[in-house]
Amino acid sequence: MPIPFRSKNRLELIYKKLFDAFGPQHWWPGDTPFEVAVGAILTQNTNWGNVEKAIRNLKEEKALNAEKLHKMHVTELSGLIRPAGYFNIKATRLKSFIGFLVNHYGGSMERMKHEDIDILRKKLLAIHGIGPETADSILLYALGKPVFVIDAYTKRVLSRHHIKDHDAPYETFQELFHNSLKRNPRLYNEYHALFVRVGKTFCRQRPRCGGCPLSSL
DNA sequence: GACCAGGCACATC
DNA sequence: GATGTGCATGGT
């Protein structure tokens, strides 16, 4: 039987256990807010190592900026991001995001950052190829907004521990964190990164629970 | 050679 | 509204 903690305490307990076990994760890997946003699109359903190869290609072309990518033809872009997989789809998605960034904020992530958080989230979700996880990754990791990112690992860990049904809607997972924890971007940053860490290490589709810091929950 | 990875849009029922 | 499918590379 799950321990009958109030959900607030349970989420705080999980965070403490993960942080004690793994320490700070130093997320998101990326030199600039623009690079983080590009990485958020490239990593959709894809191993991060492949994304790094694609980003390296963009850097070698000195193309990791809004102006250059906005001008670049989509087929050239898809060639550069090929290692990230789904390269045709992702090239179109990148172009959509960058078109939005250029048209609404003059290509400036800093200007985008000043937009109201709820309005910006709605605008991001209206972009073709940007769903809730990608939008929230941009808000949290590129712009430092207090928005919790729900991904496959987060869902898997919480459902394995009977905290929430795996197939519950994205927003209800997110509300669990927003209602239980301080709206603190640094906490959300670290916590989500720790979910990915424990997910990669132990809570895979075929779980390897031995040694997992959450096995005593 | 199968399985897996930091989703999303779209078709179909 | 729920369920299934296409998109693709590269590491284990």
# chains A, B, ... in the order shown; residues from 1 in each chain; ligands from 1
call {"tool": "interface_residues", "arguments": {"of": "chain A", "to": "chain B", "cutoff": "7 Å", "atoms": "only C-alpha atoms (C1' of nucleotides)", "output": "list in words"}}
result
Thr43, Gln44, Asn45, Thr46, Asn47, Gly129, Gly131, Asp151 and Val196 of chain A
call {"tool": "write_last_selection", "arguments": {"atoms": "N, CA and C atoms", "output": "CSV table (one decimal), in the first residue's frame"}}
result
chain,number,residue,atom,x,y,z
A,43,THR,N,14.5,17.5,-29.2
A,43,THR,CA,14.6,16.4,-28.3
A,43,THR,C,13.2,15.7,-28.2
A,44,GLN,N,12.2,16.1,-29.0
A,44,GLN,CA,10.9,15.5,-28.9
A,44,GLN,C,11.0,14.0,-29.3
A,45,ASN,N,10.7,13.1,-28.3
A,45,ASN,CA,10.8,11.7,-28.5
A,45,ASN,C,12.1,11.2,-29.0
A,46,THR,N,13.2,11.8,-28.5
A,46,THR,CA,14.5,11.5,-29.1
A,46,THR,C,15.6,11.6,-28.0
A,47,ASN,N,16.5,10.7,-28.1
A,47,ASN,CA,17.7,10.6,-27.2
A,47,ASN,C,18.5,11.9,-27.2
A,129,GLY,N,3.5,22.1,-34.0
A,129,GLY,CA,4.7,21.3,-33.6
A,129,GLY,C,5.1,21.6,-32.2
A,131,GLY,N,3.8,21.3,-28.5
A,131,GLY,CA,2.8,20.8,-27.6
A,131,GLY,C,3.1,21.2,-26.2
A,151,ASP,N,7.0,15.2,-18.4
A,151,ASP,CA,7.5,14.4,-19.6
A,151,ASP,C,7.2,12.9,-19.3
A,196,VAL,N,14.1,13.0,-14.8
A,196,VAL,CA,14.7,12.4,-16.0
A,196,VAL,C,15.9,11.5,-15.6
call {"tool": "interface_residues", "arguments": {"of": "chain C", "to": "chain A", "cutoff": "6 Å", "atoms": "only C-alpha atoms (C1' of nucleotides)", "output": "compact mmCIF listing (two decimals) with C-alpha atoms (C1' of nucleotides), in the first residue's frame"}}
result
# COMPACT_ATOMS: atom_id res chain seq x y z
C1' DC C 7 7.69 10.45 -38.21
C1' DA C 8 13.84 8.54 -38.07
C1' DT C 9 18.37 8.59 -36.11
